$ cat protein-v4.txt   # compact mmCIF, C-alpha atoms and all ligand atoms
# COMPACT_ATOMS: atom_id res chain seq x y z
CA MET U 10 61.23 205.50 64.55
CA PRO U 11 61.21 209.05 63.13
CA HIS U 12 64.58 210.68 62.63
CA ILE U 13 65.22 214.39 62.86
CA ARG U 14 67.91 213.87 60.23
CA PRO U 15 66.83 213.09 56.68
CA GLN U 16 66.74 209.40 55.87
CA SER U 17 69.43 210.01 53.23
CA THR U 18 71.85 211.15 55.97
CA VAL U 19 71.07 208.09 58.08
CA ASP U 20 71.54 205.81 55.06
CA SER U 21 74.80 207.44 54.06
CA ALA U 22 76.22 207.24 57.60
CA LEU U 23 75.25 203.58 57.89
CA ARG U 24 76.89 202.80 54.56
CA CYS U 25 80.11 204.41 55.79
CA SER U 26 79.85 202.44 58.99
CA ASP U 27 79.23 199.21 57.04
CA GLU U 28 82.44 199.92 55.18
CA GLY U 29 84.35 200.25 58.42
CA MET U 30 84.57 204.02 58.97
CA PRO U 31 85.23 204.84 62.64
CA ASP U 32 82.29 206.49 64.45
CA ALA U 33 84.14 209.76 65.12
CA ASP U 34 85.06 210.23 61.45
CA ASN U 35 81.56 209.27 60.38
CA ALA U 36 80.03 211.79 62.83
CA ALA U 37 82.31 214.56 61.54
CA LEU U 38 81.52 213.71 57.92
CA HIS U 39 77.76 213.81 58.46
CA GLY U 40 77.68 216.66 60.95
CA VAL U 41 76.07 214.68 63.74
CA ALA U 42 77.17 213.72 67.26
CA VAL U 43 79.16 210.54 67.78
CA LYS U 44 76.40 209.27 70.05
CA THR U 45 73.93 209.68 67.18
CA ILE U 46 76.08 207.47 64.96
CA ARG U 47 76.26 204.93 67.78
CA ARG U 48 72.49 205.01 68.20
CA TRP U 49 71.95 204.40 64.49
CA ARG U 50 74.40 201.54 64.53
CA ARG U 51 72.70 200.06 67.57
CA LEU U 52 69.28 200.24 65.93
CA TYR U 53 70.11 199.29 62.38
CA GLN U 54 73.20 197.15 62.57
CA ARG U 55 72.96 195.32 65.90
CA ARG U 56 69.19 195.02 66.31
CA GLY U 57 68.66 194.73 62.59
CA VAL U 58 65.79 197.25 62.36
CA PRO U 59 65.01 197.45 58.63
CA ARG U 60 66.29 200.57 56.93
CA GLY U 61 63.88 202.76 55.02
CA GLN U 62 60.93 201.00 53.41
CA ALA U 63 62.77 199.10 50.70
CA HIS U 64 62.30 195.80 52.55
CA CYS U 65 58.50 196.01 52.19
CA SER U 66 58.09 196.81 48.55
CA VAL U 67 60.40 194.34 46.82
CA PRO U 68 58.15 191.69 45.25
CA CYS U 69 58.65 188.03 46.04
CA PRO U 70 59.51 185.30 43.51
CA ARG U 71 57.13 182.94 45.31
CA CYS U 72 54.19 185.19 46.33
CA ASP U 73 54.30 187.65 43.44
CA ASP U 74 56.02 185.66 40.68
CA ALA U 75 58.86 188.20 40.64
CA PRO U 76 61.90 187.16 38.58
CA LEU U 77 64.63 185.32 40.47
CA ASP U 78 68.33 185.28 39.56
CA HIS U 79 68.83 181.51 39.59
CA PRO U 80 72.65 181.27 39.75
CA ALA U 81 72.73 183.83 42.58
CA TYR U 82 69.93 181.99 44.32
CA ALA U 83 71.68 178.60 44.05
CA GLU U 84 74.84 180.03 45.59
CA LEU U 85 73.04 181.97 48.32
CA LEU U 86 71.15 178.77 49.19
CA GLY U 87 74.52 177.05 49.67
CA TRP U 88 75.75 179.84 51.92
CA TYR U 89 72.49 179.81 53.87
CA LEU U 90 72.59 176.06 54.44
CA GLY U 91 76.29 176.20 55.32
CA ASP U 92 76.43 179.12 57.69
CA GLY U 93 73.27 181.18 57.64
CA HIS U 94 70.08 181.66 59.56
CA ILE U 95 66.88 183.64 59.35
CA SER U 96 65.53 185.61 62.28
CA ARG U 97 62.22 187.30 62.84
CA GLN U 98 62.51 191.06 63.20
CA ARG U 99 59.64 193.51 63.57
CA ARG U 100 56.38 193.87 61.65
CA GLY U 101 56.67 190.60 59.79
CA VAL U 102 60.14 191.34 58.45
CA TYR U 103 62.89 188.71 58.60
CA GLY U 104 66.65 189.07 58.61
CA LEU U 105 68.81 186.72 56.57
CA HIS U 106 72.19 186.48 58.30
CA ILE U 107 75.24 184.81 56.81
CA ILE U 108 78.37 184.41 58.87
CA ASN U 109 81.74 184.29 57.21
CA ASP U 110 85.30 184.10 58.42
CA ARG U 111 86.62 187.66 58.42
CA ARG U 112 89.84 186.57 56.69
CA TYR U 113 87.90 186.01 53.46
CA ILE U 114 87.14 189.60 52.59
CA GLN U 115 86.12 188.98 49.00
CA ASP U 116 83.64 186.33 50.09
CA VAL U 117 82.02 188.84 52.45
CA ALA U 118 81.55 191.27 49.55
CA ARG U 119 80.25 188.41 47.43
CA ILE U 120 77.60 187.42 49.99
CA ALA U 121 76.30 191.01 50.05
CA ASP U 122 76.22 190.99 46.25
CA LEU U 123 74.30 187.68 46.17
CA MET U 124 71.75 189.09 48.60
CA ARG U 125 71.29 192.11 46.33
CA ARG U 126 70.80 189.85 43.33
CA VAL U 127 68.23 187.65 45.07
CA LYS U 128 66.43 190.57 46.70
CA PRO U 129 66.87 193.52 44.32
CA ALA U 130 67.35 196.93 45.96
CA SER U 131 68.33 195.40 49.28
CA ARG U 132 71.13 197.02 51.24
CA PRO U 133 72.88 194.30 53.16
CA HIS U 134 74.90 195.47 56.14
CA ARG U 135 77.89 193.98 57.88
CA ARG U 136 78.58 193.51 61.53
CA ASN U 137 81.89 192.39 62.98
CA VAL U 138 81.93 189.68 65.63
CA PRO U 139 85.09 187.98 66.95
CA GLY U 140 86.79 186.31 63.99
CA ALA U 141 83.84 186.70 61.65
CA VAL U 142 81.59 189.07 59.77
CA ILE U 143 77.80 188.71 59.71
CA VAL U 144 76.12 189.99 56.55
CA THR U 145 72.41 190.73 57.00
CA ALA U 146 69.59 191.78 54.70
CA SER U 147 65.98 192.29 55.74
CA TRP U 148 62.92 191.18 53.79
CA LYS U 149 59.45 189.95 54.49
CA HIS U 150 59.92 187.12 52.02
CA TRP U 151 63.12 185.37 53.14
CA PRO U 152 61.07 182.45 54.52
CA CYS U 153 59.35 182.12 51.11
CA VAL U 154 62.64 181.80 49.24
CA PHE U 155 64.29 179.73 51.99
CA PRO U 156 61.43 177.52 53.24
CA GLN U 157 64.00 175.53 55.23
CA HIS U 158 63.64 178.27 57.83
CA GLY U 159 62.19 176.89 61.04
CA PRO U 160 62.60 176.82 64.79
CA GLY U 161 65.72 175.28 66.28
CA ARG U 162 69.07 174.51 64.73
CA LYS U 163 69.39 173.26 61.17
CA HIS U 164 70.93 169.93 62.18
CA GLU U 165 68.07 169.25 64.59
CA ARG U 166 65.36 169.43 61.96
CA PRO U 167 64.96 167.89 58.51
CA ILE U 168 66.36 169.97 55.68
CA VAL U 169 64.56 169.03 52.47
CA LEU U 170 64.57 171.18 49.34
CA ASP U 171 61.29 171.98 47.62
CA ASP U 172 60.95 170.81 44.01
CA TRP U 173 61.48 174.33 42.62
CA GLN U 174 64.70 174.62 44.65
CA ARG U 175 65.94 171.25 43.40
CA SER U 176 65.32 172.35 39.82
CA ILE U 177 67.39 175.51 40.33
CA VAL U 178 70.26 173.56 41.90
CA GLU U 179 70.11 170.95 39.13
CA ALA U 180 70.55 173.76 36.60
CA HIS U 181 73.30 175.50 38.65
CA PRO U 182 75.05 172.87 40.78
CA ALA U 183 78.44 174.63 40.72
CA ASP U 184 76.95 177.80 42.19
CA PHE U 185 75.29 175.79 44.95
CA LEU U 186 78.56 173.97 45.68
CA ARG U 187 80.43 177.23 45.78
CA GLY U 188 78.11 178.50 48.52
CA LEU U 189 78.41 175.26 50.49
CA PHE U 190 82.18 174.85 50.22
CA HIS U 191 82.99 178.50 50.77
CA SER U 192 80.91 178.58 53.94
CA ASP U 193 81.44 175.21 55.60
CA GLY U 194 84.31 173.86 53.59
CA CYS U 195 88.03 174.17 53.38
CA ARG U 196 90.75 173.37 50.91
CA ALA U 197 93.50 171.60 52.78
CA ASN U 198 96.92 170.44 51.75
CA ASN U 199 97.93 167.00 52.91
CA TRP U 200 101.27 165.48 52.18
CA THR U 201 103.07 162.22 52.44
CA ARG U 202 106.51 160.74 51.72
CA LYS U 203 107.22 157.90 49.38
CA VAL U 204 110.37 156.13 48.35
CA VAL U 205 110.88 156.54 44.64
CA ALA U 206 114.00 155.04 43.02
CA GLY U 207 115.61 154.70 46.44
CA GLU U 208 114.92 158.30 47.49
CA TRP U 209 112.32 159.77 49.82
CA LYS U 210 110.11 162.21 48.01
CA ARG U 211 107.41 164.48 49.29
CA TYR U 212 103.99 164.43 47.62
CA ASP U 213 101.31 167.06 48.20
CA TYR U 214 97.67 166.20 48.00
CA PRO U 215 95.27 169.10 48.04
CA ARG U 216 91.72 168.26 48.94
CA TRP U 217 88.39 169.91 49.53
CA GLN U 218 86.38 169.09 52.61
CA PHE U 219 82.85 169.98 53.57
CA SER U 220 81.87 169.64 57.22
CA ASN U 221 78.38 170.02 58.54
CA VAL U 222 76.61 168.32 61.45
CA SER U 223 73.34 168.04 59.49
CA THR U 224 73.08 164.71 57.67
CA ASP U 225 70.54 166.25 55.29
CA ILE U 226 72.86 169.12 54.35
CA ARG U 227 75.78 166.72 53.80
CA GLU U 228 73.54 164.63 51.54
CA LEU U 229 72.65 167.73 49.52
CA CYS U 230 76.36 168.41 49.12
CA CYS U 231 76.96 164.85 47.87
CA TRP U 232 73.97 165.09 45.51
CA ALA U 233 75.38 168.29 43.98
CA LEU U 234 78.86 166.75 43.68
CA ASP U 235 77.27 163.83 41.81
CA LEU U 236 75.58 166.33 39.47
CA VAL U 237 78.99 167.66 38.42
CA ASP U 238 80.68 164.20 38.43
CA VAL U 239 83.08 164.97 41.24
CA PRO U 240 83.88 161.85 43.27
CA TRP U 241 83.55 162.21 47.04
CA ARG U 242 83.73 160.10 50.14
CA GLN U 243 82.57 160.45 53.69
CA SER U 244 85.84 160.89 55.62
CA ASN U 245 84.36 161.06 59.10
CA ASP U 246 80.97 161.48 60.78
CA HIS U 247 80.51 165.07 59.67
CA THR U 248 82.87 165.49 56.77
CA ILE U 249 82.72 164.90 53.03
CA SER U 250 86.08 164.86 51.23
CA VAL U 251 86.99 165.36 47.62
CA SER U 252 90.51 164.04 47.35
CA THR U 253 91.17 162.53 43.93
CA ARG U 254 93.48 164.68 41.83
CA ALA U 255 90.92 165.05 39.04
CA GLY U 256 88.09 165.73 41.49
CA VAL U 257 90.02 168.49 43.27
CA ALA U 258 91.01 170.07 39.95
CA ARG U 259 87.42 169.99 38.73
CA LEU U 260 86.12 171.52 41.96
CA ASP U 261 88.84 174.21 41.89
CA GLU U 262 87.67 175.12 38.42
CA LEU U 263 83.99 175.11 39.36
CA ILE U 264 84.02 176.96 42.66
CA GLY U 265 87.29 178.90 42.78
CA PRO U 266 89.55 179.50 45.78
CA LYS U 267 88.35 180.85 49.10
CA ALA U 268 89.27 184.54 49.07
ZN ZN L 301 56.81 185.70 49.55
$ encode --input "protein-v4.txt" --output "structure tokens"
Amino acid sequence: MPHIRPQSTVDSALRCSDEGMPDADNAALHGVAVKTIRRWRRLYQRRGVPRGQAHCSVPCPRCDDAPLDHPAYAELLGWYLGDGHISRQRRGVYGLHIINDRRYIQDVARIADLMRRVKPASRPHRRNVPGAVIVTASWKHWPCVFPQHGPGRKHERPIVLDDWQRSIVEAHPADFLRGLFHSDGCRANNWTRKVVAGEWKRYDYPRWQFSNVSTDIRELCCWALDLVDVPWRQSNDHTISVSTRAGVARLDELIGPKA
């Protein structure tokens, strides 16, 4: 869609909007009507129309042998499997959307950064939904780098990594685990009381849990935990727990706190 305003104005206004600037302030800053800002947001943020032409020209690691940032890819794969999806947009372009709890602000910034590292020159945008933020980047090649894309929900279809994806995760298991645990995991504190030398004492047991309804995705999580020698157990139908003291400490060190 042609704009009367230069593309640089549209881009700048959308960046401000991505960063949370209210529409009225944004309109005043860019010298356009509030309804123009709203129209841009509707087109580019809500409907996910690709911005500019950057989404077309970035070469693909699979089709064009473009370089791929492996640690960033391993982590983004974890986020995608945990809480992401790919949607078809217009003209053969796809949107990669990752949903994150809005309380974890640093993780939202991190997801956008990972998208930029996997698809150089991309400009991920953020959209607020109740309780969460959706980070989206558009590219023709998302289905090439995430071939797990397919119709239906992830837990209703097999999720099997290609050999090249397995090799990347084998080289960067902590990054992959970080994506998985920061999207679909939590670090909980359990506690219990014990009598020690005649006195009741309280003991805290932190643990990491990963919950996902897809058996295949849970198995990938367990495989990656095995790669870093972190003991795990299946604690209920959909949940993997890491609860030994050494295992929790190792995972803390590898994947960091949710932030
Ligand atoms: Zn491709």
$ residues_near_ligand --input "protein-v4.txt" --ligand "ligand ZN 301 (chain L)" --cutoff "6 Å" --atoms "all atoms listed in the file" --output "list in words"
Cys69, Arg71, Cys72, His150 and Cys153 of chain U
$ atom_distance --input "protein-v4.txt" --atom1 "atom CA of U:Arg136" --atom2 "atom CA of U:Gly188"
19.9 Å
$ closest_residue --input "protein-v4.txt" --among "U:His79, U:Arg50, U:Arg216, U:Arg111" --to "U:Phe185" --atoms "only C-alpha atoms"
U:His79
$ axis_aligned_box --input "protein-v4.txt" --around "stretch 210-221 of chain U" --padding-each-side "6 Å" --output "JSON"
{"center_x": 94.2, "center_y": 166.1, "center_z": 53.1, "size_x": 43.7, "size_y": 19.8, "size_z": 22.9}
$ closest_residue --input "protein-v4.txt" --among "U:Ala75, U:Ser223, U:Leu105, U:Ile46" --to "U:Pro167" --atoms "all atoms listed in the file"
U:Ser223
$ residues_around --input "protein-v4.txt" --residues "U:Ala197" --least-positions-apart "6" --cutoff "9 Å" --atoms "all atoms listed in the file" --output "PyMOL selection string"
chain U and resi 214-218
$ closest_residue --input "protein-v4.txt" --among "U:Gly93, U:Lys44, U:Arg51, U:His134" --to "U:Asp27" --atoms "all atoms listed in the file"
U:His134
$ residues_around --input "protein-v4.txt" --residues "U:Leu260" --least-positions-apart "5" --cutoff "9 Å" --atoms "only C-alpha atoms" --output "list in words"
Ala183, Leu186, Arg187, Trp217, Leu234, Val237, Val239, Val251, Ala255 and Gly265 of chain U
$ closest_residue --input "protein-v4.txt" --among "U:Asn198, U:Asn109, U:Asn137, U:Ser17" --to "U:Tyr89" --atoms "only C-alpha atoms"
U:Asn109
$ closest_residue --input "protein-v4.txt" --among "U:Leu90, U:Cys25, U:Ile177, U:Ala83" --to "U:Phe219" --atoms "all atoms listed in the file"
U:Leu90
$ residues_around --input "protein-v4.txt" --residues "U:His94" --least-positions-apart "4" --cutoff "9 Å" --atoms "all atoms listed in the file" --output "list in words"
Tyr89, Leu90, Gly104, Leu105, His106, Ile107, Ile108, His158, Arg162 and Lys163 of chain U
